[in-house]
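Engineer: Structure in structure tokens, see below.
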Amino acid sequence: MKKYILLPVILLLLPFLIWAQTLQSPNGNLKLGFEIKQGIPYYQLDFKGKAVVLPSRLGLELKNQTSFLEGFELGNISYENLDETWKPVWGEESSIRNHYNEMEVTLLQPGTERQLIVRFRLFDEGLGFRYEFPLQPKLAHFVVKEELTQFAMTGDHIAFWIAGDYDTQEYDYTESRLSEIRPLMAKAVTANLAQTPFSPTGIQTSLMMKTDDGLYINLHEAALIDYSTMHLNLDDEKMVFESWLTPDVLGVKGYLQTPSHSPWRTIIVSDDARDVLASRMTYNLNEPSKIEDTSWIKPMKYVGVWWEMITGKSSWSYTDEFPAVRIGETDYSKAKPNGRHGATTENVKKYIDFAAEHGFDGVLVEGWNVGWEDWFGNSKDFVFDFLTPYPDFDLVGIREYAKNKDVEMVMHHETSSSVRNYERFMDEAYKFMKDNGYNSVKSGYVGFILPRGENHYSQWIVNHYQYALEKAADYQIMVNAHEAVRPTGIARTWPNLIANESARGTEYQAFGGSKPNHVTVLPFTRLIGGPMDYTPGIFEMDISKINPDNDSWVNSTLANQLALYVTMYSPLQMAADLPENYERFPDAFQFIKDVGIDWEESKYLEAEPGYYITIARKEKGSNNWFIGNVNGVPPRTSMISFDFLDPDKTYIATIYADAKDAHYRNNPQAYTIRRVVVNNKSKFSQLTAPGGGYAISIKEADKADLKGLKKL
Ligand code: NOJ
Ligand code: CA
């Protein structure tokens with residue numbers, strides 16, 4: 001009898017016990033197995049006794065020499081562990097624990113007399129591993145044909161995915177079973193939604209999945225430096241993902257020289273979706289800051305001459321007269337202004353006034369510099385010089401005006417993906433910024449890369465983004481790069497990378513709209529690698545009211561837009577709508593003015609990818625808390641406790657929530673605002689609308705402030 005009871009237990013443990021080398025996470029929940037079978041290295045990952053990754057192959061295919069795929073023998077194995085705490089310059093919390101157990105496995109390939117190291121780091125919430133190529137007599141330079149790292153899934157999981165694409169990451173996510181990726185992608189390609197998928201089942205990371213037995217699994221990479229970006233290609237019969245690196249113009253995946261290493265391949269796993277949001281593993285797998293004096297790196301809230309161009313109300317270009325311009329030769333002084341140019345001195349001053357009046361740190365101005373008449377789609381090399389303002393943009397006058405009002409100007413460098421041109425001007429452009437009081441730049445890489453044939457995520461361009469970032473650090477400039485490669489935690493090492501776009505941002509709400517649940521997915525995918533310049537805060541959802549020729553609709557309620565300042569973490573937050581739209585809703589705008597931008601701690605209260613996220617954050621340097629809840633499509637009642645508040649304090653909560661009849665589609669501006677007294681015993685429940693949510697600011701109160709207010 002006893003024998004039979006024990007049998008299932010033994011069977012469950014068996015797959016793990018047979019692994020030659022094993023490693024446990026510090027809390028014991030995660031277990032890694034490693035083994036070489038018939039010369040081929042494999043790993044497996046279990047969480048609380050359940051398989052997360054079934055035996056999966058490791059290795060790389062090399063060009064013109066024996067690959068690192070087989071013929072291996074086990075060399076040295078060593079173990080390490082670390083438990084340290086570090087302080088990020090900005091972040092979701094003021095100190096981060098980096099706690100892992102490590103196993104370093106040396107693989108010997110006697111047939112070639114070469115070595116390959118695989119380093120595994122097991123954290124409580126996931127695994128990171130990478131390939132290391134030590135300096136050795138028989139390996140100096142080599143070319144990667146493909147990295148063939150496998151991630152064998154245990155079943156046909158639910159996934160939140162975007163199509164593999166070498167040139168854009170700006171897609172809406174699809175929620176489907178893994179087995180549905182192929183038919184859905186084929187349909188999208190037919191409908192021209194996916195531009196350049198490289199494979200019928202190729203997808204981008206970070207990939208978020210959920211298993212039928214309630215495990216949340218996230219696949220991504222950390223510390224992508226001098227290597228090509230990883231996509232994942234799915235064998236949808238076996239449910240095995242395999243890495244697929246981004247090729248360069250020659251189809252090559254990477255040129256490496258020893259000593260070097262790959263980025264970390266990361267697998268975050270938990271049975272509670274909130275742990276995925278709370279994970280700092282991706283940052284922890286990056287190197288500490290290389291910038292010693294970080295005093296010039298500051299989180300900021302900004303407004304900008306931007307939404308009016310995105311909606312089509314104004315133009316980036318100064319004139320409609322020139323179908324083609326030559327930088328340095330085109331005489332703009334003789335051209336007729338088109339009357340729609342956004343970046344005029346007068347308009348910019350209005351935004352500076354608005355920023356000063358409402359306490360914003362900065363003003364971004366796009367379309368200030370010459371070249372926008374034919375910037376896009378022409379494969380133009382000398383497209384912008386990043387130095388010459390249009391005749392109606394008084395750079396010096398604006399500089400002095402902003403300075404007097406204590407507002408910082410934010411520079412804009414649209415490169416139009418002419419990378420050579422940007423590198424050509426970079427030093428001069430950064431120096432020009434510093435000379436004129438600009439400390440941060442929003443850069444952009446719209447369109448196909450120049451030189452022609454290169455794409456947005458190969459090793460070559462990854463190195464360009466890094467070059468731009470490091471050079472900016474030399475000039476003490478903060479960078480917010482749009483269309484650049486999806487982040488992989490590099491901001492730990494280069495904290496001047498205060499944001500990226502690198503996913504579908506708010507701009508698409510003016511280009512036909514995004515899915516109403518998009519913002520319940522992004523924190524589980526794009527934000528795993530770092531903050532996003534999502535540009536929230538749209539109050540007017542009917543874009544035709546801004547531009548009668550644009551019938552786009554913002555698929556979100558106004559309360560949902562407020563919540564994004566908390567749920568979409570970024571040290572750089574824009575109030576993206578037009579000043580006049582904020583002036584129409586001054587009571588709701590107050591939340592955007594009040595909300596913190598840098599955090600002491602964050603509490604992940606409720607989370608389910610694709611459906612809802614509720615986060616509470618305590619502002620650095622104050623006792624204020626801010627809560628954001630975003631909801632997907634089904635209406636839902638959010639229920640939270642305020643037990644994170646200090647038990648000895650009383651607070652006033654201002655609650656900005658969807659009204660009962662709010663709906664992203666037909667009643668987005670229906671919201672309520674109420675002020676109530678709360679303490680750490682308070683409980684809160686709130687109905688949230690389709691595409692809705694709520695935002696709460698919680699401030700410590702004096703007794704006198706409480707008069708006339710009800711308890712929650
Ligand atoms: C795309 C960026 O995402 C957007 O923010 C910017 O306004 C345009 N490119 C023009 O540079
Ligand atoms: Ca973009």
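To be explicit about the labels: the chains of the structure tokens are called A, B, and onward in the order shown, and within each one the residues are counted from 1, while ligands get numbers from 1 in the order they are shown.
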Kindly provide, as a list in words, all nucleotide and amino acid residues lying within 8 Å of ligand 1, counting only C-alpha atoms and all ligand atoms.
Structural biologist: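 Going residue by residue within 8 Å of ligand 1, we get Trp306, Trp307, Met309, Ile310, Glu366, His412, His413, Glu414, Thr415, Ser416, Ser443, Gly444, Tyr445, Val446, His482, Glu483, Glu501, Gly505 and Glu507 of chain A.
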Engineer: Just the residues within 10 Å of stretch 180-183 of chain A, please, counting only C-alpha atoms, with nothing from its chain fewer than 6 positions along; format it as a list in words.
Structural biologist: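 Contacts, in chain order: Asp156, Ile158, Ala159, Phe160, Trp161, Ile162, Ala163, Thr174, Val189, Ser199, Pro200, Thr201, Gly202, Ile203, Leu234 and Asp236 of chain A.
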Engineer: Atoms to include: C-alpha atoms. Write the selected residues as a PDB file, in the first residue's frame.
Structural biologist:
ATOM      1  CA  ASP A 156      -0.209  25.094 -24.834  1.00  0.00           C
ATOM      2  CA  ILE A 158      -1.921  31.434 -22.932  1.00  0.00           C
ATOM      3  CA  ALA A 159       0.486  34.064 -24.280  1.00  0.00           C
ATOM      4  CA  PHE A 160       0.460  37.829 -24.724  1.00  0.00           C
ATOM      5  CA  TRP A 161       2.534  38.257 -27.863  1.00  0.00           C
ATOM      6  CA  ILE A 162       3.517  40.621 -30.663  1.00  0.00           C
ATOM      7  CA  ALA A 163       4.808  39.467 -34.025  1.00  0.00           C
ATOM      8  CA  THR A 174      -2.661  39.436 -28.944  1.00  0.00           C
ATOM      9  CA  VAL A 189      -0.044  39.362 -42.261  1.00  0.00           C
ATOM     10  CA  SER A 199       8.717  33.305 -39.330  1.00  0.00           C
ATOM     11  CA  PRO A 200       5.094  32.156 -39.072  1.00  0.00           C
ATOM     12  CA  THR A 201       5.532  31.620 -35.321  1.00  0.00           C
ATOM     13  CA  GLY A 202       8.228  34.195 -34.505  1.00  0.00           C
ATOM     14  CA  ILE A 203       7.463  36.607 -31.705  1.00  0.00           C
ATOM     15  CA  LEU A 234       8.010  28.585 -31.607  1.00  0.00           C
ATOM     16  CA  ASP A 236       4.126  24.789 -32.111  1.00  0.00           C
TER      17      ASP A 236
END
Engineer: Could you list, as a PyMOL selection string, every residue within 8 Å of A:Phe241, counting only C-alpha atoms and ignoring same-chain residues fewer than 2 positions away?
Structural biologist: chain A and resi 150-153+232-235+239+243
Engineer: Can you write just those residues out, N, CA, C and O atoms, as a PDB file, in the first residue's frame?
Structural biologist:
ATOM      1  N   GLN A 150      17.018  26.853 -26.222  1.00  0.00           N
ATOM      2  CA  GLN A 150      15.608  26.439 -26.213  1.00  0.00           C
ATOM      3  C   GLN A 150      14.937  26.718 -24.879  1.00  0.00           C
ATOM      4  O   GLN A 150      15.585  26.736 -23.826  1.00  0.00           O
ATOM      5  N   PHE A 151      13.637  26.958 -24.967  1.00  0.00           N
ATOM      6  CA  PHE A 151      12.785  27.130 -23.788  1.00  0.00           C
ATOM      7  C   PHE A 151      11.585  26.205 -24.042  1.00  0.00           C
ATOM      8  O   PHE A 151      10.631  26.595 -24.731  1.00  0.00           O
ATOM      9  N   ALA A 152      11.652  24.979 -23.530  1.00  0.00           N
ATOM     10  CA  ALA A 152      10.594  23.997 -23.815  1.00  0.00           C
ATOM     11  C   ALA A 152       9.462  24.175 -22.807  1.00  0.00           C
ATOM     12  O   ALA A 152       9.646  23.968 -21.605  1.00  0.00           O
ATOM     13  N   MET A 153       8.313  24.583 -23.306  1.00  0.00           N
ATOM     14  CA  MET A 153       7.172  24.827 -22.429  1.00  0.00           C
ATOM     15  C   MET A 153       6.477  23.502 -22.103  1.00  0.00           C
ATOM     16  O   MET A 153       6.614  22.520 -22.825  1.00  0.00           O
ATOM     17  N   LEU A 232      11.979  35.025 -30.395  1.00  0.00           N
ATOM     18  CA  LEU A 232      11.724  33.617 -30.101  1.00  0.00           C
ATOM     19  C   LEU A 232      10.913  33.016 -31.232  1.00  0.00           C
ATOM     20  O   LEU A 232       9.964  33.636 -31.723  1.00  0.00           O
ATOM     21  N   ASN A 233      11.312  31.831 -31.636  1.00  0.00           N
ATOM     22  CA  ASN A 233      10.617  31.124 -32.697  1.00  0.00           C
ATOM     23  C   ASN A 233       9.999  29.879 -32.078  1.00  0.00           C
ATOM     24  O   ASN A 233      10.677  29.128 -31.395  1.00  0.00           O
ATOM     25  N   LEU A 234       8.714  29.678 -32.297  1.00  0.00           N
ATOM     26  CA  LEU A 234       8.010  28.585 -31.607  1.00  0.00           C
ATOM     27  C   LEU A 234       7.846  27.358 -32.504  1.00  0.00           C
ATOM     28  O   LEU A 234       7.347  27.471 -33.625  1.00  0.00           O
ATOM     29  N   ASP A 235       8.276  26.205 -31.987  1.00  0.00           N
ATOM     30  CA  ASP A 235       7.884  24.936 -32.602  1.00  0.00           C
ATOM     31  C   ASP A 235       6.524  24.610 -31.989  1.00  0.00           C
ATOM     32  O   ASP A 235       6.444  24.185 -30.830  1.00  0.00           O
ATOM     33  N   MET A 239       5.787  22.768 -28.640  1.00  0.00           N
ATOM     34  CA  MET A 239       5.703  23.909 -27.712  1.00  0.00           C
ATOM     35  C   MET A 239       7.090  24.279 -27.161  1.00  0.00           C
ATOM     36  O   MET A 239       7.276  24.515 -25.979  1.00  0.00           O
ATOM     37  N   SER A 243      15.675  30.506 -29.515  1.00  0.00           N
ATOM     38  CA  SER A 243      16.114  31.888 -29.767  1.00  0.00           C
ATOM     39  C   SER A 243      16.347  32.091 -31.260  1.00  0.00           C
ATOM     40  O   SER A 243      16.766  31.166 -31.974  1.00  0.00           O
TER      41      SER A 243
END
Engineer: Using only C-alpha atoms, determine which residues lie at most 9 Å from A:Val143, disregarding the query and same-chain residues fewer than 2 positions distant; provide the list as a PyMOL selection string.
Structural biologist: chain A and resi 61-65+141+145+252-257
Engineer: If you count only C-alpha atoms, which residues fall within 9 Å of A:Ile77, apart from same-chain ones fewer than 6 positions away, as a list in words?
Structural biologist: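 Result of the neighbour search: Gln21, Met103, Glu104, Val105 and Thr106 of chain A.
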Engineer: Store the residues picked out above, limited to N, CA, C and O atoms, as a PDB file, in the first residue's frame.
Structural biologist:
ATOM      1  N   GLN A  21      23.716  18.069 -12.416  1.00  0.00           N
ATOM      2  CA  GLN A  21      24.032  19.274 -11.643  1.00  0.00           C
ATOM      3  C   GLN A  21      22.731  19.993 -11.302  1.00  0.00           C
ATOM      4  O   GLN A  21      21.864  20.139 -12.178  1.00  0.00           O
ATOM      5  N   MET A 103      25.604  29.171 -10.509  1.00  0.00           N
ATOM      6  CA  MET A 103      26.388  27.982 -10.895  1.00  0.00           C
ATOM      7  C   MET A 103      27.087  28.294 -12.218  1.00  0.00           C
ATOM      8  O   MET A 103      26.432  28.688 -13.182  1.00  0.00           O
ATOM      9  N   GLU A 104      28.408  28.131 -12.208  1.00  0.00           N
ATOM     10  CA  GLU A 104      29.178  28.374 -13.433  1.00  0.00           C
ATOM     11  C   GLU A 104      29.651  27.024 -13.966  1.00  0.00           C
ATOM     12  O   GLU A 104      30.336  26.287 -13.268  1.00  0.00           O
ATOM     13  N   VAL A 105      29.225  26.714 -15.175  1.00  0.00           N
ATOM     14  CA  VAL A 105      29.558  25.404 -15.751  1.00  0.00           C
ATOM     15  C   VAL A 105      30.494  25.609 -16.934  1.00  0.00           C
ATOM     16  O   VAL A 105      30.152  26.333 -17.874  1.00  0.00           O
ATOM     17  N   THR A 106      31.659  24.994 -16.887  1.00  0.00           N
ATOM     18  CA  THR A 106      32.562  25.066 -18.043  1.00  0.00           C
ATOM     19  C   THR A 106      32.338  23.835 -18.922  1.00  0.00           C
ATOM     20  O   THR A 106      32.378  22.699 -18.442  1.00  0.00           O
TER      21      THR A 106
END
Engineer: Would you give me, as a list in words, the residues in stretch 102-257 of chain A that DSSP reads as helix (DSSP H, G or I)?
Structural biologist: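 Here is the list: Leu178, Ser179, Glu180, Ile181, Arg182, Pro183, Leu184, Met185, Ala186, Lys187, Ala188, Val189 and Thr190 of chain A.
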Engineer: Please return, as a VMD selection string, all residues of stretch 307-389 of chain A that DSSP assigns to strand (DSSP E) on the basis of the backbone.
Structural biologist: chain A and resid 362 to 365
Engineer: With N, CA and C atoms retained, export the selected residues as a compact mmCIF listing (two decimals), in the first residue's frame.
Structural biologist:
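Dumped to part_6.txt:
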# COMPACT_ATOMS: atom_id res chain seq x y z
N GLY A 362 9.45 70.38 -17.42
CA GLY A 362 10.02 70.59 -18.75
C GLY A 362 9.00 70.77 -19.85
N VAL A 363 9.51 71.28 -20.99
CA VAL A 363 8.70 71.42 -22.21
C VAL A 363 9.48 70.82 -23.38
N LEU A 364 8.87 69.83 -24.02
CA LEU A 364 9.44 69.23 -25.23
C LEU A 364 8.91 69.98 -26.44
N VAL A 365 9.78 70.28 -27.39
CA VAL A 365 9.29 70.89 -28.63
C VAL A 365 9.81 70.06 -29.80
Engineer: Please provide the set of residues having any atom within 8 Å of A:Asn547, restricted to only C-alpha atoms, with same-chain residues fewer than 2 positions apart removed, written as a list in words.
Structural biologist: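 My list of contacting residues is Thr311, Gly312, Lys313, Ile543, Ser544, Lys545, Asp549 and Asn550 of chain A.
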Engineer: Please save C-alpha atoms of the selected residues as a short mmCIF file (atom, residue, chain, number, x, y, z; two decimals), in the first residue's frame.
Structural biologist:
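The resulting file, result39.cif, is shown below:
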data_model
loop_
_atom_site.label_atom_id
_atom_site.label_comp_id
_atom_site.auth_asym_id
_atom_site.auth_seq_id
_atom_site.Cartn_x
_atom_site.Cartn_y
_atom_site.Cartn_z
CA THR A 311 -3.29 64.32 -34.03
CA GLY A 312 -2.57 66.24 -37.24
CA LYS A 313 -3.74 69.62 -35.96
CA ILE A 543 -9.64 63.23 -31.76
CA SER A 544 -11.91 64.79 -34.38
CA LYS A 545 -12.48 67.59 -31.87
CA ASP A 549 -9.87 65.19 -40.44
CA ASN A 550 -8.83 62.63 -37.82
#
Engineer: Residues within 7 Å of A:Glu373, please, as number ranges by chain. Count only C-alpha atoms; anything in the same chain fewer than 2 positions from it doesn't count.
Structural biologist: A: 317, 322-325, 371, 375
Engineer: Give me a file of those residues, with N, CA and C atoms, as a short mmCIF file (atom, residue, chain, number, x, y, z; two decimals), in the first residue's frame.
Structural biologist:
data_model
loop_
_atom_site.label_atom_id
_atom_site.label_comp_id
_atom_site.auth_asym_id
_atom_site.auth_seq_id
_atom_site.Cartn_x
_atom_site.Cartn_y
_atom_site.Cartn_z
N SER A 317 6.68 70.39 -39.90
CA SER A 317 7.39 71.17 -40.92
C SER A 317 6.92 72.62 -40.92
N PHE A 322 8.34 73.34 -50.03
CA PHE A 322 9.47 72.54 -50.50
C PHE A 322 9.12 71.06 -50.48
N PRO A 323 9.08 70.43 -51.63
CA PRO A 323 8.90 68.98 -51.60
C PRO A 323 10.20 68.29 -51.20
N ALA A 324 11.32 69.01 -51.38
CA ALA A 324 12.62 68.41 -51.04
C ALA A 324 13.53 69.51 -50.51
N VAL A 325 14.27 69.20 -49.44
CA VAL A 325 15.19 70.21 -48.91
C VAL A 325 16.60 69.65 -48.86
N GLY A 371 14.33 70.55 -41.73
CA GLY A 371 14.46 69.23 -42.36
C GLY A 371 13.18 68.40 -42.38
N TRP A 375 11.30 64.48 -44.34
CA TRP A 375 12.11 63.70 -43.39
C TRP A 375 11.89 62.21 -43.46
#
Engineer: Given only C-alpha atoms and all ligand atoms as the basis, pick out the residue of A:Asn667, A:Ser440, A:Ser685, A:Ser417 nearest to ligand 2.
Structural biologist: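 Using only C-alpha atoms and all ligand atoms, ligand 2 sits closest to A:Ser417.
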